[in-house]
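**Student:** Sharing a structure below in structure tokens format, with a few things to ask.
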Number of protein chains: 2
Amino acid sequence: MYCMLKLASLFVAIAVSHGWLFSDSGKKLNVLEEISLWPLPQKFQSSAVSFQLNANSFQIVHAKESSAGPSCSLLQDAFRRYFEYIFGEEVRKQDKSRKKAFNSDLVELQVWISSADPECEGYPNLQSDESYELSVDQPSAVLKAPNVWGALRGLETFSQLIYEDDYGANNINKTVISDFPRFAHRGVLLDTSRHYLPLKVILSNLEAMAINKFNVFHWHIVDDSSFPFLSRTFPELSQKGAYHPFTHVYTPSDVKKVIEFARMRGIRVIPEFDTPGHTQSWGNGQKDLLTPCYSGSTPSGTFGPVNPILNSTYEFMAQFFKEISTVFPDAYVHLGGDEVDFSCWKSNPDIQRFMEQQSFGTDYSKLESFYIQRLLDIVTTTKKGYMVWQEVFDNGVKLKEDTVVEVWIGNKMEEELQNVTRAGFTTILSAPWYLDWISYGQDWQRYYKVEPLSFPGTDEQKKLVIGGEACLWGEYVDATNLTPRLWPRASAVAERLWSDAKVTDLGNAYERLAQHRCRMVKRGIPAEPLFVGHCRHEYNGP
Amino acid sequence: MYCMLKLASLFVAIAVSHGWLFSDSGKKLNVLEEISLWPLPQKFQSSAVSFQLNANSFQIVHAKESSAGPSCSLLQDAFRRYFEYIFGEEVRKQDKSRKKAFNSDLVELQVWISSADPECEGYPNLQSDESYELSVDQPSAVLKAPNVWGALRGLETFSQLIYEDDYGANNINKTVISDFPRFAHRGVLLDTSRHYLPLKVILSNLEAMAINKFNVFHWHIVDDSSFPFLSRTFPELSQKGAYHPFTHVYTPSDVKKVIEFARMRGIRVIPEFDTPGHTQSWGNGQKDLLTPCYSGSTPSGTFGPVNPILNSTYEFMAQFFKEISTVFPDAYVHLGGDEVDFSCWKSNPDIQRFMEQQSFGTDYSKLESFYIQRLLDIVTTTKKGYMVWQEVFDNGVKLKEDTVVEVWIGNKMEEELQNVTRAGFTTILSAPWYLDWISYGQDWQRYYKVEPLSFPGTDEQKKLVIGGEACLWGEYVDATNLTPRLWPRASAVAERLWSDAKVTDLGNAYERLAQHRCRMVKRGIPAEPLFVGHCRHEYNGP
């Protein structure tokens with residue numbers, strides 16, 4: 001039996017002896033290298049005793065003691081998915097008759113949901129328990145979890161324990177794992193406004209997120225460039241604000257598909273409808289919503305942020321967010337609030353007059369706060385919690401206790417974390433993880449090295465940091481290049497947010513991540529290479 | 001009738017009025033924008049008179065006067081390819097009966113090969129004439145070219161003239177084009193050693209190259225990391241030097257497929273077998289080929305560059321390049337010669353002794369030249385010309401008159417071009433076009449702005465610059481991400497090497513390139529976006 005840290009040092013020894021250049025090659029891998037878990041579990045014990053898995057004899061089944069059974073379609077679906085990941089092509093070749101297992105075979109994985117309510121029909125949330133315990137031994141492997149969310153994470157880990165030997169057979173070592181996430185909010189932001197992302201691309205990335213144990217899809221669904229969300233209440237928004245009213249929109253049915261696909265993988269979908277800035281595309285389909293900018297004393301024909309001085313604005317927002325609150329089941333909606341440009345507001349005489357009436361002087365951040373405050377009150381009536389970008393906090397807007405403040409500005413990030421948590425708000429970090437900022441070489445290492453709790457603060461403050469997000473803004477990505485640009489770079493963030501804070505060895509991470517990216521490739525995700533090397537199964541199209 | 005420059009300024013006006021952010025959106029494009037030729041032809045005249053093309057009535061045919069006919073499979077294949085590009089899905093839906101054409105329809109493109117030998121069975125070469133003349137008018141469009149190479153370029157241009165109107169119909173404007181390339185050597189380097197590239201990926205990029213009028217595939221086929229080329233004479237080289245001896249090799253049949261696929265598109269295949277450095281992978285399958293490095297007075301177990309002091313080395317090279325000369329039909333082979341690390345040679349007592357015998361003192365570049373000189377003589381006996389990286393010239397090796405020197409070092413690039421051309425050698429430029437060096441934003445503009453002839457020199461010297469290459473080294477790319485990383489960034493190089501030197505307007509280039517990248521996407525090439533926007537037909541998998 002090896003403890004985790006011992007295993008880690010063994011990895012490093014292997015990495016060094018093989019030399020860096022060839023380390024991602026998969027040549028002559030020994031068993032320890034093959035067990036390339038990502039993200040690394042909290043507690044891990046493995047022995048050299050191994051069992052074979054055979055597509056004709058192996059099954060994933062509900063344990064007798066489990067509170068879930070075949071009617072739990074979330075689990076049934078996951079069982080099938082992981083069975084296919086494990087046996088791949090073999091599944092299709094397989095004949096119908098079940099074969100007698102050899103003594104050395106592992107014939108089943110029992111999945112045991114231990115709490116009274118397995119949450120089969122539920123949605124994951126910020127409080128979901130994702131812990132699980134996995135024991136791989138004869139005659140059965142057992143995966144025990146309080147509910148389906150932990151079971152999903154454990155199934156992924158189980159599938160990662162399996163390695164192909166030189167004859168193509170599937171093996172697994174005797175193993176005991178006890179695992180849980182370090183942070184509760186582990187997100188990926190995708191932006192469907194700068195470029196429209198076909199549903200296929202979104203679903204494929206949700207799949208990759210599950211493989212990396214991410215649990216939040218932050219859907220930056222609309223922005224200046226386009227408004228692809230088809231609102232039932234305000235269909236003109238996408239009719240006139242999308243790149244194309246039919247081919248470049250997300251219909252209610254599309255949105256449902258995304259939410260259900262995510263739910264089946266334990267992923268929350270938090271939509272972002274960013275206001276009052278970043279709203280150019282809203283203006284096409286909603287008259288008087290945006291502020292008319294002035295050139296001297298006449299309207300210039302261009303528009304600025306949402307117009308905060310009209311009652312119609314708030315009436316619109318109330319109706320709009322009422323719809324949003326029913327379309328998206330998650331308890332949170334992201335309200336944006338970043339990067340408001342004041343120049344248009346400043347140019348508009350009606351706004352100037354309003355500023356005077358309210359005694360705001362020339363401090364337009366007060367106007368911004370005025371707007372946001374009213375918006376937050378509106379959203380509160382929909383029974384949703386909200387997330388906001390850090391500016392909303394910085395401007396002193398009064399926030400509900402359960403607000404999540406997203407820290408995104410790289411400059412003075414630690415100071416911001418201090419301030420937000422000192423004020424008692426929960427926070428998530430995305431500043432160090434803007435994956436759209438590409439550069440030459442292995443930038444995943446930079447993402448990996450980030451320690452979210454390195455800022456000065458009390459234990460209470462640290463507890464308020466509930467996670468982080470890898471953000472891939474859409475200026476330069478669409479269906480052609482998004483997936484390889486995101487993976488495995490986002491995997492670095494995934495491990496930082498899941499694994500123990502002490503898991504920081506870059507050499508060990510490189511070895512595991514190189515294998516993990518080949519695993520993603522084998523599963524049809526075009527995850528790009530870390531460096532020179534190869535995968536046993538190269539990418540051959542989706 | 002507009003001259004080209006006038007047209008260019010019209011493009012710019014449109015770009016500005018639409019605003020940069022939305023310019024790649026394809027919304028409300030007017031006809032001039034739809035004609036997004038890339039690379040821009042040398043002479044171009046267009047009128048607003050337009051004709052429709054209908055899959056049921058339009059044909060690409062051999063002109064009566066043409067020296068080529070249906071037996072010219074290169075052209076037949078190209079006719080079918082471009083017909084499918086033009087009509088896409090429509091081709092499959094089309095019923096068999098030919099429909100009567102309307103008066104406004106364009107019913108045929110006649111392809112007229114004017115020289116006695118159309119070169120249907122030949123290979124393109126450095127002297128190939130790629131010029132063509134295209135006239136689009138009623139009753140027929142006519143594409144006239146001296147031989148098939150120009151016809152291929154003209155067919156691509158013809159297909160680019162066609163634009164879809166709001167009803168999905170294909171239209172083309174009355175047009176006269178006279179076109180030829182500014183430079184004869186317009187290459188793309190792909191590296192199949194750092195990562196193995198499946199055949200599918202290579203072929204798909206050859207297709208993209210043809211769409212961009214590139215005409216040389218510089219195949220950096222082997223290097224330190226792996227040796228995927230299956231040599232019939234020395235099968236051990238790939239058997240032991242490839243990442244995998246069966247799945248990660250290019251068999252003789254694979255190589256033939258690449259060469260023929262390229263030939264059908266007017267693309268030369270120049271293989272590079274880089275020595276004496278960059279040869280680690282050669283050592284696995286060829287005993288005594290590499291120099292044993294020493295640690296003090298004993299061999300360290302590691303190996304350096306090719307061993308230049310053994311006769312067996314030259315015997316091996318003679319046999320090896322004899323095979324290469326028959327496998328690859330092009331008149332040139334690239335012999336590398338870059339980045340030779342002297343430390344191993346310096347450590348080896350046998351090498352030291354040899355240096356003394358030859359009175360080389362401690363100047364190991366003399367030893368390098370000694371090796372290269374003998375190699376060049378060997379290759380000369382195979383009747384091939386050779387290309388080399390600039391170091392070979394810099395070290396004063398005696399080169400054959402027809403040698404092509406490739407300038408790749410960014411630092412002092414202009415000085416190097418001066419020196420090489422002053423010495424009377426032809427040269428190609430790749431230094432400014434190392435596309436593996438990615439960065440955030442629109443780096444295509446940097447590639448586009450390069451003027452290859454901006455160095456000080458006589459007209460005679462300038463004539464010796466025969467072109468350039470976009471190089472995508474393989475450290476960080478494989479089948480998962482290569483294609484979107486290469487396109488449309490390499491397209492910037494394509495236009496620089498084909499179009500007139502005066503074609504330098506970035507705004508106009510942006511407009512055309514955004515459309516051109518959508519055209520590639522429509523044709524199944526996952527070319528990444530330039531910036532915010534959309535394509536009418538988004539990428540939906542290969």
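Chain identifiers are assigned as A, B, and so on, following the order in which chains appear in the structure tokens; residues are numbered from 1 within each chain, and ligands are numbered from 1 in order of appearance.
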Env of range 376-383 of chain A: 10 Å cut, atoms = only C-alpha atoms, seq-sep filter 3 positions within chain, self excluded. Answer as a VMD selection string.

**Tutor:** chain A and resid 314 to 315 317 to 326 331 to 333 335 371 to 373 386 388 397 to 400

**Student:** Report as a tab-separated table the residues of chain A within 7 Å of chain B, each with its shortest atom pair and distance in Å (one decimal), using only C-alpha atoms, ordered by chain and increasing residue number.

**Tutor:**
```
residue	atom	partner	partner_atom	distance
A:Arg194	CA	B:Val532	CA	5.0
A:His195	CA	B:Gly533	CA	5.8
A:Tyr196	CA	B:His534	CA	6.9
A:Tyr243	CA	B:His534	CA	6.9
A:Trp437	CA	B:Tyr440	CA	5.7
A:Ile438	CA	B:Tyr440	CA	5.4
A:Ser439	CA	B:Ser439	CA	4.8
A:Tyr440	CA	B:Ile438	CA	5.3
A:Glu475	CA	B:Val532	CA	4.9
A:Tyr476	CA	B:Phe531	CA	5.3
A:Val477	CA	B:Pro529	CA	6.4
A:Asp478	CA	B:Pro529	CA	6.9
A:Ala479	CA	B:Tyr539	CA	5.8
A:Thr480	CA	B:Pro526	CA	4.6
A:Asn481	CA	B:Pro484	CA	5.8
A:Pro484	CA	B:Asn481	CA	5.8
A:Pro526	CA	B:Thr480	CA	4.6
A:Ala527	CA	B:Thr480	CA	6.2
A:Glu528	CA	B:Thr480	CA	5.5
A:Pro529	CA	B:Tyr476	CA	5.9
A:Leu530	CA	B:Tyr476	CA	6.5
A:Phe531	CA	B:Tyr476	CA	5.2
A:Val532	CA	B:Glu475	CA	4.9
A:Gly533	CA	B:His195	CA	5.8
A:His534	CA	B:His195	CA	6.0
A:Tyr539	CA	B:Ala479	CA	5.8
```

**Student:** Could you turn the residues from that selection into a file that holds N, CA and C atoms, as an mmCIF file, in the first residue's frame?

**Tutor:**
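Printed below is selection.cif as written:
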```
data_model
loop_
_atom_site.group_PDB
_atom_site.id
_atom_site.type_symbol
_atom_site.label_atom_id
_atom_site.label_comp_id
_atom_site.auth_asym_id
_atom_site.auth_seq_id
_atom_site.Cartn_x
_atom_site.Cartn_y
_atom_site.Cartn_z
ATOM 1 N N ARG A 194 -19.942 36.668 -28.693
ATOM 2 C CA ARG A 194 -18.931 37.096 -29.677
ATOM 3 C C ARG A 194 -18.929 36.147 -30.865
ATOM 4 N N HIS A 195 -19.049 34.849 -30.574
ATOM 5 C CA HIS A 195 -19.318 33.874 -31.616
ATOM 6 C C HIS A 195 -20.425 32.947 -31.133
ATOM 7 N N TYR A 196 -21.282 32.581 -32.041
ATOM 8 C CA TYR A 196 -22.316 31.601 -31.734
ATOM 9 C C TYR A 196 -21.674 30.218 -31.654
ATOM 10 N N TYR A 243 -27.057 36.861 -34.557
ATOM 11 C CA TYR A 243 -26.393 36.942 -35.860
ATOM 12 C C TYR A 243 -27.347 36.512 -36.962
ATOM 13 N N TRP A 437 -6.566 34.369 -23.211
ATOM 14 C CA TRP A 437 -5.251 35.003 -23.365
ATOM 15 C C TRP A 437 -4.203 33.940 -23.628
ATOM 16 N N ILE A 438 -4.059 33.568 -24.879
ATOM 17 C CA ILE A 438 -3.121 32.505 -25.213
ATOM 18 C C ILE A 438 -1.710 33.048 -25.325
ATOM 19 N N SER A 439 -0.749 32.159 -25.171
ATOM 20 C CA SER A 439 0.644 32.525 -25.391
ATOM 21 C C SER A 439 1.395 31.262 -25.801
ATOM 22 N N TYR A 440 2.605 31.441 -26.269
ATOM 23 C CA TYR A 440 3.389 30.303 -26.723
ATOM 24 C C TYR A 440 3.816 29.448 -25.541
ATOM 25 N N GLU A 475 -13.992 36.217 -28.228
ATOM 26 C CA GLU A 475 -13.518 37.056 -29.341
ATOM 27 C C GLU A 475 -12.840 36.244 -30.438
ATOM 28 N N TYR A 476 -12.046 35.263 -30.040
ATOM 29 C CA TYR A 476 -11.227 34.543 -31.017
ATOM 30 C C TYR A 476 -11.522 33.051 -31.098
ATOM 31 N N VAL A 477 -12.647 32.637 -30.538
ATOM 32 C CA VAL A 477 -12.965 31.205 -30.619
ATOM 33 C C VAL A 477 -14.394 30.960 -31.081
ATOM 34 N N ASP A 478 -14.549 29.927 -31.866
ATOM 35 C CA ASP A 478 -15.875 29.450 -32.239
ATOM 36 C C ASP A 478 -15.786 27.943 -32.393
ATOM 37 N N ALA A 479 -16.754 27.370 -33.100
ATOM 38 C CA ALA A 479 -16.800 25.908 -33.209
ATOM 39 C C ALA A 479 -15.525 25.308 -33.790
ATOM 40 N N THR A 480 -14.760 26.116 -34.538
ATOM 41 C CA THR A 480 -13.571 25.567 -35.209
ATOM 42 C C THR A 480 -12.415 25.289 -34.262
ATOM 43 N N ASN A 481 -12.301 26.094 -33.189
ATOM 44 C CA ASN A 481 -11.080 26.005 -32.370
ATOM 45 C C ASN A 481 -11.318 26.024 -30.873
ATOM 46 N N PRO A 484 -10.142 22.452 -28.557
ATOM 47 C CA PRO A 484 -8.710 22.253 -28.289
ATOM 48 C C PRO A 484 -8.060 23.420 -27.542
ATOM 49 N N PRO A 526 -11.227 16.775 -28.754
ATOM 50 C CA PRO A 526 -9.937 17.152 -29.343
ATOM 51 C C PRO A 526 -9.116 18.042 -28.421
ATOM 52 N N ALA A 527 -8.652 17.478 -27.322
ATOM 53 C CA ALA A 527 -7.813 18.232 -26.380
ATOM 54 C C ALA A 527 -6.401 18.324 -26.959
ATOM 55 N N GLU A 528 -5.827 19.532 -26.962
ATOM 56 C CA GLU A 528 -4.546 19.735 -27.629
ATOM 57 C C GLU A 528 -3.390 19.167 -26.815
ATOM 58 N N PRO A 529 -2.240 18.942 -27.452
ATOM 59 C CA PRO A 529 -1.102 18.379 -26.717
ATOM 60 C C PRO A 529 -0.470 19.388 -25.774
ATOM 61 N N LEU A 530 0.130 18.887 -24.696
ATOM 62 C CA LEU A 530 0.883 19.749 -23.785
ATOM 63 C C LEU A 530 2.225 20.108 -24.390
ATOM 64 N N PHE A 531 2.828 19.116 -25.039
ATOM 65 C CA PHE A 531 4.152 19.290 -25.617
ATOM 66 C C PHE A 531 4.404 18.104 -26.547
ATOM 67 N N VAL A 532 5.625 17.976 -27.006
ATOM 68 C CA VAL A 532 6.024 16.890 -27.903
ATOM 69 C C VAL A 532 5.603 15.521 -27.362
ATOM 70 N N GLY A 533 5.122 14.666 -28.226
ATOM 71 C CA GLY A 533 4.744 13.313 -27.806
ATOM 72 C C GLY A 533 3.625 12.749 -28.654
ATOM 73 N N HIS A 534 2.989 11.712 -28.147
ATOM 74 C CA HIS A 534 1.889 11.129 -28.913
ATOM 75 C C HIS A 534 0.897 10.451 -27.983
ATOM 76 N N TYR A 539 -6.288 11.621 -32.207
ATOM 77 C CA TYR A 539 -7.590 12.173 -32.574
ATOM 78 C C TYR A 539 -7.871 11.898 -34.040
#
```

**Student:** What lies within 10 Å of Trp219 in chain B using only C-alpha atoms, ignoring chain neighbours under 3 positions off, as a ChimeraX atom specification?

**Tutor:** /B:187-192,202,216,222,269-273,333-334

**Student:** Restricted to all heavy atoms, what would the selected residues look like written as a compact mmCIF listing (two decimals), in the first residue's frame?

**Tutor:**
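Ended up saving to selection-v3.txt:
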```txt
# COMPACT_ATOMS: atom_id res chain seq x y z
N GLY B 187 5.10 28.19 -49.82
CA GLY B 187 5.05 26.92 -49.10
C GLY B 187 4.44 26.96 -47.72
O GLY B 187 4.30 28.01 -47.09
N VAL B 188 4.06 25.77 -47.27
CA VAL B 188 3.64 25.55 -45.89
C VAL B 188 4.48 24.41 -45.34
O VAL B 188 4.60 23.36 -45.99
CB VAL B 188 2.15 25.18 -45.80
CG1 VAL B 188 1.80 24.66 -44.40
CG2 VAL B 188 1.27 26.37 -46.15
N LEU B 189 5.11 24.62 -44.20
CA LEU B 189 5.87 23.56 -43.54
C LEU B 189 5.03 22.93 -42.44
O LEU B 189 4.50 23.64 -41.57
CB LEU B 189 7.17 24.12 -42.94
CG LEU B 189 8.04 23.11 -42.15
CD1 LEU B 189 9.52 23.48 -42.26
CD2 LEU B 189 7.65 23.00 -40.68
N LEU B 190 4.87 21.62 -42.52
CA LEU B 190 4.28 20.87 -41.41
C LEU B 190 5.32 19.88 -40.89
O LEU B 190 6.13 19.36 -41.65
CB LEU B 190 3.02 20.12 -41.85
CG LEU B 190 1.84 20.95 -42.36
CD1 LEU B 190 0.67 20.04 -42.71
CD2 LEU B 190 1.42 21.99 -41.33
N ASP B 191 5.24 19.65 -39.61
CA ASP B 191 6.24 18.87 -38.88
C ASP B 191 5.55 17.61 -38.35
O ASP B 191 4.67 17.70 -37.50
CB ASP B 191 6.76 19.78 -37.75
CG ASP B 191 7.56 19.06 -36.67
OD1 ASP B 191 7.81 17.85 -36.79
OD2 ASP B 191 7.93 19.75 -35.71
N THR B 192 5.94 16.45 -38.88
CA THR B 192 5.28 15.21 -38.46
C THR B 192 6.14 14.40 -37.51
O THR B 192 5.91 13.21 -37.33
CB THR B 192 4.90 14.35 -39.69
OG1 THR B 192 6.08 14.13 -40.46
CG2 THR B 192 3.85 15.03 -40.54
N ILE B 202 -3.13 15.68 -42.95
CA ILE B 202 -2.24 16.19 -43.99
C ILE B 202 -3.03 16.51 -45.25
O ILE B 202 -2.89 17.58 -45.85
CB ILE B 202 -1.11 15.18 -44.28
CG1 ILE B 202 -0.23 15.01 -43.03
CG2 ILE B 202 -0.28 15.61 -45.48
CD1 ILE B 202 0.87 13.99 -43.18
N VAL B 216 3.67 24.63 -52.41
CA VAL B 216 4.72 23.73 -51.90
C VAL B 216 4.34 23.22 -50.52
O VAL B 216 4.03 24.01 -49.61
CB VAL B 216 6.09 24.45 -51.78
CG1 VAL B 216 7.13 23.50 -51.18
CG2 VAL B 216 6.57 24.98 -53.13
N VAL B 222 10.79 13.98 -40.46
CA VAL B 222 11.43 13.35 -39.29
C VAL B 222 12.25 14.39 -38.53
O VAL B 222 12.60 15.44 -39.07
CB VAL B 222 12.35 12.18 -39.72
CG1 VAL B 222 11.56 11.12 -40.48
CG2 VAL B 222 13.51 12.68 -40.57
N VAL B 269 5.63 18.42 -53.28
CA VAL B 269 5.94 17.88 -51.96
C VAL B 269 7.45 17.80 -51.83
O VAL B 269 8.11 17.04 -52.54
CB VAL B 269 5.32 16.48 -51.75
CG1 VAL B 269 5.73 15.91 -50.39
CG2 VAL B 269 3.80 16.55 -51.88
N ILE B 270 8.01 18.66 -50.97
CA ILE B 270 9.46 18.64 -50.74
C ILE B 270 9.70 18.07 -49.35
O ILE B 270 9.36 18.70 -48.35
CB ILE B 270 10.04 20.07 -50.84
CG1 ILE B 270 9.76 20.64 -52.23
CG2 ILE B 270 11.55 20.04 -50.54
CD1 ILE B 270 10.36 22.01 -52.46
N PRO B 271 10.26 16.85 -49.29
CA PRO B 271 10.51 16.26 -47.99
C PRO B 271 11.78 16.84 -47.39
O PRO B 271 12.71 17.19 -48.12
CB PRO B 271 10.71 14.78 -48.32
CG PRO B 271 11.36 14.80 -49.67
CD PRO B 271 10.77 16.01 -50.40
N GLU B 272 11.79 16.98 -46.08
CA GLU B 272 13.02 17.39 -45.42
C GLU B 272 13.54 16.25 -44.55
O GLU B 272 12.83 15.74 -43.68
CB GLU B 272 12.80 18.63 -44.55
CG GLU B 272 14.08 19.01 -43.79
CD GLU B 272 13.94 20.24 -42.89
OE1 GLU B 272 12.88 20.89 -42.95
OE2 GLU B 272 14.89 20.52 -42.15
N PHE B 273 14.78 15.85 -44.82
CA PHE B 273 15.49 14.93 -43.94
C PHE B 273 16.67 15.70 -43.39
O PHE B 273 17.71 15.81 -44.03
CB PHE B 273 15.90 13.66 -44.69
CG PHE B 273 14.72 12.81 -45.04
CD1 PHE B 273 14.06 12.97 -46.26
CD2 PHE B 273 14.23 11.87 -44.14
CE1 PHE B 273 12.95 12.20 -46.57
CE2 PHE B 273 13.12 11.09 -44.45
CZ PHE B 273 12.48 11.25 -45.67
N VAL B 333 15.08 18.23 -52.69
CA VAL B 333 14.90 17.64 -51.38
C VAL B 333 15.52 18.62 -50.39
O VAL B 333 16.48 19.32 -50.71
CB VAL B 333 15.54 16.23 -51.32
CG1 VAL B 333 17.01 16.24 -51.66
CG2 VAL B 333 15.32 15.58 -49.97
N HIS B 334 14.91 18.73 -49.22
CA HIS B 334 15.44 19.67 -48.22
C HIS B 334 16.35 18.90 -47.28
O HIS B 334 15.96 17.88 -46.72
CB HIS B 334 14.27 20.30 -47.44
CG HIS B 334 14.62 21.58 -46.75
ND1 HIS B 334 15.64 21.69 -45.84
CD2 HIS B 334 14.07 22.83 -46.83
CE1 HIS B 334 15.70 22.94 -45.39
NE2 HIS B 334 14.76 23.66 -45.98
```

**Student:** Rank B:Glu156, B:Phe87, B:Leu126, B:Ser135 by their smallest atom-to-atom distance to Asp402 in chain B, using only C-alpha atoms, and report the top residue only.

**Tutor:** B:Leu126

**Student:** As a PyMOL selection string, please: all residues of range 424-471 of chain A that backbone DSSP puts in helix (DSSP H, G or I).

**Tutor:** chain A and resi 431-433+444-449+459-463

**Student:** Just the selected residues (N, CA and C atoms), exported as an mmCIF file, in the first residue's frame, please.

**Tutor:**
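Result file is result_30.cif:
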```
data_model
loop_
_atom_site.group_PDB
_atom_site.id
_atom_site.type_symbol
_atom_site.label_atom_id
_atom_site.label_comp_id
_atom_site.auth_asym_id
_atom_site.auth_seq_id
_atom_site.Cartn_x
_atom_site.Cartn_y
_atom_site.Cartn_z
ATOM 1 N N ALA A 431 -9.851 35.692 -12.195
ATOM 2 C CA ALA A 431 -8.782 36.567 -12.691
ATOM 3 C C ALA A 431 -7.573 35.815 -13.271
ATOM 4 N N PRO A 432 -7.047 34.809 -12.603
ATOM 5 C CA PRO A 432 -5.832 34.176 -13.151
ATOM 6 C C PRO A 432 -6.123 33.177 -14.252
ATOM 7 N N TRP A 433 -7.390 32.987 -14.568
ATOM 8 C CA TRP A 433 -7.779 31.886 -15.447
ATOM 9 C C TRP A 433 -8.556 32.353 -16.667
ATOM 10 N N TRP A 444 -0.502 26.187 -19.203
ATOM 11 C CA TRP A 444 -1.279 25.468 -18.180
ATOM 12 C C TRP A 444 -0.540 25.496 -16.843
ATOM 13 N N GLN A 445 0.768 25.548 -16.876
ATOM 14 C CA GLN A 445 1.537 25.546 -15.632
ATOM 15 C C GLN A 445 1.267 26.805 -14.810
ATOM 16 N N ARG A 446 1.084 27.912 -15.507
ATOM 17 C CA ARG A 446 0.772 29.159 -14.823
ATOM 18 C C ARG A 446 -0.589 29.046 -14.122
ATOM 19 N N TYR A 447 -1.548 28.464 -14.822
ATOM 20 C CA TYR A 447 -2.877 28.293 -14.217
ATOM 21 C C TYR A 447 -2.813 27.345 -13.035
ATOM 22 N N TYR A 448 -1.967 26.349 -13.171
ATOM 23 C CA TYR A 448 -1.869 25.301 -12.163
ATOM 24 C C TYR A 448 -1.264 25.836 -10.867
ATOM 25 N N LYS A 449 -0.328 26.750 -11.010
ATOM 26 C CA LYS A 449 0.408 27.257 -9.843
ATOM 27 C C LYS A 449 -0.409 28.187 -8.960
ATOM 28 N N ASP A 459 -9.255 32.629 8.724
ATOM 29 C CA ASP A 459 -9.826 31.373 8.252
ATOM 30 C C ASP A 459 -11.262 31.581 7.783
ATOM 31 N N GLU A 460 -11.973 32.436 8.509
ATOM 32 C CA GLU A 460 -13.353 32.728 8.116
ATOM 33 C C GLU A 460 -13.395 33.313 6.710
ATOM 34 N N GLN A 461 -12.462 34.223 6.454
ATOM 35 C CA GLN A 461 -12.399 34.829 5.124
ATOM 36 C C GLN A 461 -12.108 33.792 4.043
ATOM 37 N N LYS A 462 -11.163 32.915 4.344
ATOM 38 C CA LYS A 462 -10.779 31.895 3.349
ATOM 39 C C LYS A 462 -11.966 30.996 2.992
ATOM 40 N N LYS A 463 -12.774 30.719 4.031
ATOM 41 C CA LYS A 463 -13.922 29.842 3.784
ATOM 42 C C LYS A 463 -14.917 30.453 2.799
#
```

**Student:** Counting only C-alpha atoms, what is within 9 Å of range 295-302 of chain B, bar same-chain residues fewer than 6 positions away, as an MDAnalysis selection string?

**Tutor:** chainID B and resid 344 347:349

**Student:** Please give the complete set of residues from range 442-517 of chain B that DSSP, run on the backbone, assigns to strand (DSSP E), formatted as a ChimeraX atom specification.

**Tutor:** /B:465-472

**Student:** Tell me which protein, DNA and RNA residues are within 9 Å of range 74-84 of chain A, counting only C-alpha atoms, leaving out same-chain ones fewer than 5 positions away, and put them as number ranges by chain.

**Tutor:** A: 55, 58-62, 68-69, 89-91, 120-121, 148, 151-152, 155-156, 158-159, 263-265

**Student:** For the atom pair CA of Glu164 in chain A and CA of Ser204 in chain A, what is the interatomic distance in Å to one decimal place?

**Tutor:**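 Computing the Euclidean distance for CA of Glu164 in chain A and CA of Ser204 in chain A yields 24.3 Å.
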
**Student:** Could you please determine the separation between CA of Cys471 in chain A and CA of Asp179 in chain A in Å, to one decimal place?

**Tutor:**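 Pair CA of Cys471 in chain A / CA of Asp179 in chain A returns 25.7 Å.
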
**Student:** Could you state the separation of CA of Tyr123 in chain B and CA of His516 in chain B in Å, given to one decimal place?

**Tutor:** 27.5 Å

**Student:** Need to verify the contact set: range 451-457 of chain B, 12 Å, only C-alpha atoms, exclusion of same-chain residues closer than 2 positions in sequence. Can you return it as a VMD selection string?

**Tutor:** chain B and resid 182 to 183 407 412 to 424 427 to 433 446 to 449 459 to 469 492 to 493 495 to 504

**Student:** Got a sec: who's within 7 Å of Ile177 in chain A, counting only C-alpha atoms, leaving out chain neighbours fewer than 5 positions off, as a PyMOL selection string?

**Tutor:** chain A and resi 43-45+133-135

**Student:** In terms of the shortest atom-to-atom distance over only C-alpha atoms, which of B:Trp38, B:Phe51, B:Tyr167, B:Phe214 is closest to Val107 in chain B?

**Tutor:** B:Phe51
